[in-house]
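Note sheet for the following structure.
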Amino acid sequence: MTAETAAAGDGDRLPNTVFALDAVTLARRLIGSTLTVDGVGGRIVETEAYRRDDAASHSFRGETLRNRAMFGPVGHAYVYRSYGIHWCLNFVCDGAEPGSAVLIRALEPLFGLDRMVERRGLADPRRLCAGPGRLAQALGLDRSHDGLDLSQPPFRLTEGDEVPVPILVGARIGISKAAEQPWRFGLAGSRHLSRPFAKGEIASSGTETV
DNA sequence: GAATTGATGCGCT
DNA sequence: GCGCATCAATTCA
């Protein structure tokens with residue numbers, strides 16, 4: 001079945017139990033799975049983990065009006081405005097430690113390409129969803145999605161194909177605090193990453209089923 | 001290709 | 001005021 005004929009999110013839904021995982025484990029687990037919003041989306045190829053005890057995390061200094069969703073139920077979305085211009089999407093997780101989330105940094109566009117191009121105003125497939133702000137714009141995400149349940153429409157999360165592919169691990173991007181933590185994950189060989197992984201970061205200790 | 005800069009919301013000191 | 005979990009246009013090369 002091709003990407004064109006497949007309905008958005010065809011395949012097994014991600015079990016809600018994955019959101020009980022800690023952020024680092026979930027960030028790795030999500031690589032290769034499929035995310036769509038109102039039928040528009042694709043394969044998750046890049047994520048970052050953020051924890052409560054993490055100086056780079058919005059939840060580090062406790063709950064505020066902005067980060068309220070991070071302290072809400074797991075399996076819900078945390079959508080925030082970045083640099084006053086962009087929106088960024090996180091998955092809230094880890095019920096044992098409220099304030100944990102996984103930032104979705106990049107997708108391989110597969111479904112609703114025309115709608116993405118329309119929203120982004122740029123057709124370059126390499127830059128359609130390569131970056132958290134670009135991804136949110138392509139999927140039409142904004143404040144109205146903050147706090148919504150990821151298991152309900154317009155969201156749909158499904159397992160990826162069962163093809164073993166190495167997972168890249170590296171330092172997170174665009175942060176100044178706790179920047180040394182290797183909590184950025186990527187799909188090896190993907191041409192849709194927001195930025196390439198450094199040579200030293202290409203060390204993956206095995207393969208994941210994606 | 002790499003470096004620089006402007007746009008801009010909002011939580012924090 | 002300052003500092004961002006960013007991006008695109010512009011300026012170089």
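Identifiers in this document derive from the order of the structure tokens: chains are assigned A, B, ..., residues are numbered from 1 separately in each chain, and ligands are numbered from 1 in order of occurrence.
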Using DSSP secondary structure from the backbone, list all strand (DSSP E or B) positions within range 26-122 of chain A, as a PyMOL selection string.
chain A and resi 34-37+40-50+76-82+86-93+100-111
Atoms to include: N, CA and C atoms. Write the selected residues as a tab-separated table (two decimals), in the first residue's frame.
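Here's the written file part-v3.tsv:
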```tsv
chain	number	residue	atom	x	y	z
A	34	THR	N	3.40	7.19	13.41
A	34	THR	CA	2.75	8.15	12.50
A	34	THR	C	1.81	9.07	13.26
A	35	LEU	N	1.90	10.35	12.97
A	35	LEU	CA	1.04	11.36	13.58
A	35	LEU	C	0.27	12.09	12.49
A	36	THR	N	-1.04	12.20	12.67
A	36	THR	CA	-1.82	13.05	11.78
A	36	THR	C	-2.75	13.93	12.59
A	37	VAL	N	-3.04	15.10	12.07
A	37	VAL	CA	-4.01	16.02	12.66
A	37	VAL	C	-5.02	16.35	11.58
A	40	VAL	N	-3.88	15.16	8.24
A	40	VAL	CA	-2.65	15.73	7.67
A	40	VAL	C	-1.48	15.40	8.58
A	41	GLY	N	-0.41	14.82	8.01
A	41	GLY	CA	0.74	14.51	8.86
A	41	GLY	C	1.69	13.54	8.19
A	42	GLY	N	2.34	12.69	9.01
A	42	GLY	CA	3.33	11.77	8.47
A	42	GLY	C	4.07	11.03	9.56
A	43	ARG	N	5.24	10.53	9.20
A	43	ARG	CA	6.04	9.72	10.12
A	43	ARG	C	6.91	10.62	11.01
A	44	ILE	N	6.89	10.33	12.30
A	44	ILE	CA	7.72	11.09	13.24
A	44	ILE	C	9.18	10.67	13.06
A	45	VAL	N	10.06	11.63	12.72
A	45	VAL	CA	11.46	11.29	12.49
A	45	VAL	C	12.40	11.98	13.48
A	46	GLU	N	11.88	12.87	14.31
A	46	GLU	CA	12.75	13.57	15.26
A	46	GLU	C	11.97	14.03	16.49
A	47	THR	N	12.52	13.74	17.68
A	47	THR	CA	11.86	14.10	18.94
A	47	THR	C	12.92	14.58	19.95
A	48	GLU	N	12.44	15.24	21.00
A	48	GLU	CA	13.31	15.58	22.12
A	48	GLU	C	12.55	15.37	23.42
A	49	ALA	N	13.27	14.90	24.45
A	49	ALA	CA	12.66	14.67	25.76
A	49	ALA	C	12.90	15.85	26.69
A	50	TYR	N	11.88	16.20	27.46
A	50	TYR	CA	11.98	17.25	28.48
A	50	TYR	C	11.38	16.74	29.78
A	76	HIS	N	-1.93	13.79	26.53
A	76	HIS	CA	-2.54	15.00	25.99
A	76	HIS	C	-1.46	15.87	25.35
A	77	ALA	N	-1.89	16.86	24.57
A	77	ALA	CA	-0.95	17.73	23.87
A	77	ALA	C	-0.61	18.94	24.73
A	78	TYR	N	0.64	19.37	24.63
A	78	TYR	CA	1.07	20.67	25.17
A	78	TYR	C	1.55	21.48	23.99
A	79	VAL	N	0.82	22.53	23.64
A	79	VAL	CA	1.16	23.38	22.50
A	79	VAL	C	1.47	24.78	23.03
A	80	TYR	N	2.65	25.28	22.72
A	80	TYR	CA	3.03	26.61	23.21
A	80	TYR	C	3.56	27.47	22.07
A	81	ARG	N	3.56	28.77	22.29
A	81	ARG	CA	4.09	29.68	21.29
A	81	ARG	C	5.58	29.89	21.53
A	82	SER	N	6.33	29.81	20.45
A	82	SER	CA	7.78	29.92	20.55
A	82	SER	C	8.26	31.18	19.84
A	86	HIS	N	6.02	31.12	16.36
A	86	HIS	CA	5.71	29.74	16.00
A	86	HIS	C	4.95	29.01	17.11
A	87	TRP	N	4.34	27.90	16.72
A	87	TRP	CA	3.74	26.99	17.70
A	87	TRP	C	4.54	25.70	17.72
A	88	CYS	N	4.64	25.07	18.89
A	88	CYS	CA	5.37	23.81	19.00
A	88	CYS	C	4.52	22.79	19.73
A	89	LEU	N	4.60	21.53	19.29
A	89	LEU	CA	3.77	20.45	19.81
A	89	LEU	C	4.57	19.49	20.69
A	90	ASN	N	4.04	19.22	21.88
A	90	ASN	CA	4.61	18.22	22.79
A	90	ASN	C	3.56	17.19	23.16
A	91	PHE	N	4.03	15.97	23.50
A	91	PHE	CA	3.16	14.95	24.06
A	91	PHE	C	3.46	14.86	25.56
A	92	VAL	N	2.46	15.06	26.39
A	92	VAL	CA	2.64	14.96	27.84
A	92	VAL	C	2.73	13.49	28.24
A	93	CYS	N	3.68	13.17	29.12
A	93	CYS	CA	3.89	11.77	29.49
A	93	CYS	C	4.37	11.63	30.93
A	100	SER	N	6.60	16.16	32.56
A	100	SER	CA	7.43	15.55	31.52
A	100	SER	C	6.71	15.61	30.18
A	101	ALA	N	7.48	15.76	29.11
A	101	ALA	CA	6.86	15.81	27.78
A	101	ALA	C	7.90	15.52	26.71
A	102	VAL	N	7.40	15.18	25.53
A	102	VAL	CA	8.27	14.94	24.38
A	102	VAL	C	7.92	15.95	23.29
A	103	LEU	N	8.91	16.72	22.86
A	103	LEU	CA	8.73	17.69	21.78
A	103	LEU	C	8.83	16.97	20.44
A	104	ILE	N	7.83	17.15	19.59
A	104	ILE	CA	7.85	16.57	18.25
A	104	ILE	C	8.54	17.56	17.33
A	105	ARG	N	9.75	17.23	16.87
A	105	ARG	CA	10.57	18.19	16.14
A	105	ARG	C	10.48	18.08	14.62
A	106	ALA	N	10.16	16.90	14.10
A	106	ALA	CA	10.14	16.79	12.65
A	106	ALA	C	9.33	15.58	12.20
A	107	LEU	N	8.67	15.73	11.06
A	107	LEU	CA	7.91	14.65	10.43
A	107	LEU	C	8.40	14.46	9.01
A	108	GLU	N	8.24	13.21	8.54
A	108	GLU	CA	8.36	12.95	7.11
A	108	GLU	C	6.95	13.10	6.54
A	109	PRO	N	6.70	14.13	5.76
A	109	PRO	CA	5.34	14.40	5.28
A	109	PRO	C	4.82	13.25	4.42
A	110	LEU	N	3.63	12.73	4.75
A	110	LEU	CA	3.07	11.61	3.99
A	110	LEU	C	1.62	11.86	3.59
A	111	PHE	N	0.86	12.53	4.43
A	111	PHE	CA	-0.57	12.70	4.18
A	111	PHE	C	-0.95	14.18	4.12
```
Show me, as CSV, the residues of chain A having an atom within 8 Å of chain C, each with the closest atom pair and its distance in Å, using only C-alpha atoms (C1' of nucleotides).
```
residue,atom,partner,partner_atom,distance
A:Ala56,CA,C:DA5,C1',7.6
A:Ser57,CA,C:DA5,C1',7.6
A:Ser82,CA,C:DT6,C1',6.6
A:Tyr83,CA,C:DT6,C1',6.3
A:Ile85,CA,C:DT6,C1',7.8
A:His86,CA,C:DT6,C1',6.6
A:Leu103,CA,C:DA5,C1',7.7
A:Pro132,CA,C:DT6,C1',7.9
A:Gly133,CA,C:DT6,C1',6.2
A:Arg134,CA,C:DC7,C1',7.9
A:Ile173,CA,C:DA5,C1',7.5
A:Gly174,CA,C:DA5,C1',6.4
A:Ile175,CA,C:DA5,C1',6.4
```
Can you check which residues of chain B have any atom within 9 Å of chain A? Use only C-alpha atoms (C1' of nucleotides) and format it as a list in words.
DA7, DT8, DG9, DC10 and DG11 of chain B
Expected file contents, prior selection, all heavy atoms, as an mmCIF file, in the first residue's frame:
```cif
data_model
loop_
_atom_site.group_PDB
_atom_site.id
_atom_site.type_symbol
_atom_site.label_atom_id
_atom_site.label_comp_id
_atom_site.auth_asym_id
_atom_site.auth_seq_id
_atom_site.Cartn_x
_atom_site.Cartn_y
_atom_site.Cartn_z
ATOM 1 P P DA B 7 11.778 44.063 12.038
ATOM 2 O OP1 DA B 7 11.171 44.936 11.028
ATOM 3 O OP2 DA B 7 12.277 44.611 13.308
ATOM 4 O "O5'" DA B 7 10.714 42.920 12.394
ATOM 5 C "C5'" DA B 7 10.051 42.225 11.344
ATOM 6 C "C4'" DA B 7 9.424 40.970 11.901
ATOM 7 O "O4'" DA B 7 10.463 40.081 12.336
ATOM 8 C "C3'" DA B 7 8.552 41.232 13.134
ATOM 9 O "O3'" DA B 7 7.178 41.030 12.816
ATOM 10 C "C2'" DA B 7 9.031 40.235 14.178
ATOM 11 C "C1'" DA B 7 9.965 39.318 13.405
ATOM 12 N N9 DA B 7 11.107 38.852 14.209
ATOM 13 C C8 DA B 7 11.983 39.624 14.921
ATOM 14 N N7 DA B 7 12.906 38.935 15.546
ATOM 15 C C5 DA B 7 12.613 37.618 15.226
ATOM 16 C C6 DA B 7 13.222 36.398 15.579
ATOM 17 N N6 DA B 7 14.279 36.301 16.359
ATOM 18 N N1 DA B 7 12.679 35.266 15.089
ATOM 19 C C2 DA B 7 11.597 35.368 14.295
ATOM 20 N N3 DA B 7 10.953 36.457 13.892
ATOM 21 C C4 DA B 7 11.513 37.554 14.403
ATOM 22 P P DT B 8 6.022 41.819 13.538
ATOM 23 O OP1 DT B 8 4.819 41.615 12.732
ATOM 24 O OP2 DT B 8 6.504 43.180 13.897
ATOM 25 O "O5'" DT B 8 5.869 40.996 14.902
ATOM 26 C "C5'" DT B 8 5.308 39.701 14.879
ATOM 27 C "C4'" DT B 8 5.640 38.965 16.164
ATOM 28 O "O4'" DT B 8 7.062 38.827 16.290
ATOM 29 C "C3'" DT B 8 5.203 39.693 17.435
ATOM 30 O "O3'" DT B 8 3.973 39.123 17.847
ATOM 31 C "C2'" DT B 8 6.305 39.408 18.453
ATOM 32 C "C1'" DT B 8 7.353 38.662 17.656
ATOM 33 N N1 DT B 8 8.743 39.150 17.901
ATOM 34 C C2 DT B 8 9.755 38.215 17.972
ATOM 35 O O2 DT B 8 9.549 37.027 17.832
ATOM 36 N N3 DT B 8 10.999 38.730 18.218
ATOM 37 C C4 DT B 8 11.329 40.061 18.382
ATOM 38 O O4 DT B 8 12.483 40.390 18.593
ATOM 39 C C5 DT B 8 10.221 40.989 18.275
ATOM 40 C C7 DT B 8 10.462 42.438 18.413
ATOM 41 C C6 DT B 8 9.006 40.494 18.045
ATOM 42 P P DG B 9 3.125 39.687 19.062
ATOM 43 O OP1 DG B 9 1.723 39.788 18.635
ATOM 44 O OP2 DG B 9 3.804 40.849 19.649
ATOM 45 O "O5'" DG B 9 3.246 38.459 20.078
ATOM 46 C "C5'" DG B 9 2.645 37.225 19.748
ATOM 47 C "C4'" DG B 9 2.691 36.257 20.918
ATOM 48 O "O4'" DG B 9 4.059 36.002 21.297
ATOM 49 C "C3'" DG B 9 2.002 36.735 22.187
ATOM 50 O "O3'" DG B 9 1.501 35.577 22.824
ATOM 51 C "C2'" DG B 9 3.131 37.388 22.972
ATOM 52 C "C1'" DG B 9 4.331 36.531 22.591
ATOM 53 N N9 DG B 9 5.617 37.232 22.465
ATOM 54 C C8 DG B 9 5.846 38.464 21.931
ATOM 55 N N7 DG B 9 7.120 38.775 21.898
ATOM 56 C C5 DG B 9 7.759 37.680 22.438
ATOM 57 C C6 DG B 9 9.144 37.428 22.669
ATOM 58 O O6 DG B 9 10.096 38.149 22.414
ATOM 59 N N1 DG B 9 9.352 36.171 23.249
ATOM 60 C C2 DG B 9 8.363 35.288 23.555
ATOM 61 N N2 DG B 9 8.753 34.142 24.099
ATOM 62 N N3 DG B 9 7.074 35.503 23.349
ATOM 63 C C4 DG B 9 6.849 36.711 22.799
ATOM 64 P P DC B 10 0.572 35.640 24.127
ATOM 65 O OP1 DC B 10 -0.302 34.472 24.062
ATOM 66 O OP2 DC B 10 0.021 36.998 24.255
ATOM 67 O "O5'" DC B 10 1.607 35.402 25.321
ATOM 68 C "C5'" DC B 10 2.380 34.209 25.326
ATOM 69 C "C4'" DC B 10 3.420 34.297 26.409
ATOM 70 O "O4'" DC B 10 4.552 35.062 25.957
ATOM 71 C "C3'" DC B 10 2.943 34.997 27.695
ATOM 72 O "O3'" DC B 10 3.413 34.266 28.780
ATOM 73 C "C2'" DC B 10 3.644 36.348 27.617
ATOM 74 C "C1'" DC B 10 4.949 35.906 27.009
ATOM 75 N N1 DC B 10 5.817 36.981 26.480
ATOM 76 C C2 DC B 10 7.208 36.808 26.538
ATOM 77 O O2 DC B 10 7.661 35.774 27.014
ATOM 78 N N3 DC B 10 8.007 37.791 26.065
ATOM 79 C C4 DC B 10 7.472 38.904 25.557
ATOM 80 N N4 DC B 10 8.302 39.835 25.102
ATOM 81 C C5 DC B 10 6.063 39.095 25.497
ATOM 82 C C6 DC B 10 5.283 38.120 25.964
ATOM 83 P P DG B 11 2.395 33.757 29.933
ATOM 84 O OP1 DG B 11 1.596 32.697 29.331
ATOM 85 O OP2 DG B 11 1.738 34.921 30.564
ATOM 86 O "O5'" DG B 11 3.401 33.091 30.984
ATOM 87 C "C5'" DG B 11 4.287 32.080 30.536
ATOM 88 C "C4'" DG B 11 5.647 32.268 31.148
ATOM 89 O "O4'" DG B 11 6.349 33.350 30.507
ATOM 90 C "C3'" DG B 11 5.622 32.600 32.643
ATOM 91 O "O3'" DG B 11 6.629 31.850 33.285
ATOM 92 C "C2'" DG B 11 5.928 34.099 32.671
ATOM 93 C "C1'" DG B 11 6.851 34.247 31.483
ATOM 94 N N9 DG B 11 6.878 35.579 30.888
ATOM 95 C C8 DG B 11 5.800 36.377 30.590
ATOM 96 N N7 DG B 11 6.138 37.517 30.048
ATOM 97 C C5 DG B 11 7.519 37.473 29.985
ATOM 98 C C6 DG B 11 8.447 38.431 29.497
ATOM 99 O O6 DG B 11 8.233 39.532 29.003
ATOM 100 N N1 DG B 11 9.755 37.992 29.636
ATOM 101 C C2 DG B 11 10.125 36.783 30.176
ATOM 102 N N2 DG B 11 11.435 36.536 30.225
ATOM 103 N N3 DG B 11 9.266 35.882 30.627
ATOM 104 C C4 DG B 11 7.991 36.289 30.505
#
```
Length of the CA of Gln152 in chain A to CA of Gln137 in chain A vector [Å]
20.0 Å
From a backbone DSSP assignment, name each residue in range 63-170 of chain A labelled alpha helix (DSSP H), as a list of chain:residue names.
A:Leu113, A:Asp114, A:Arg115, A:Met116, A:Val117, A:Glu118, A:Arg119, A:Arg120, A:Pro132, A:Gly133, A:Arg134, A:Leu135, A:Ala136, A:Gln137, A:Ala138, A:Leu139
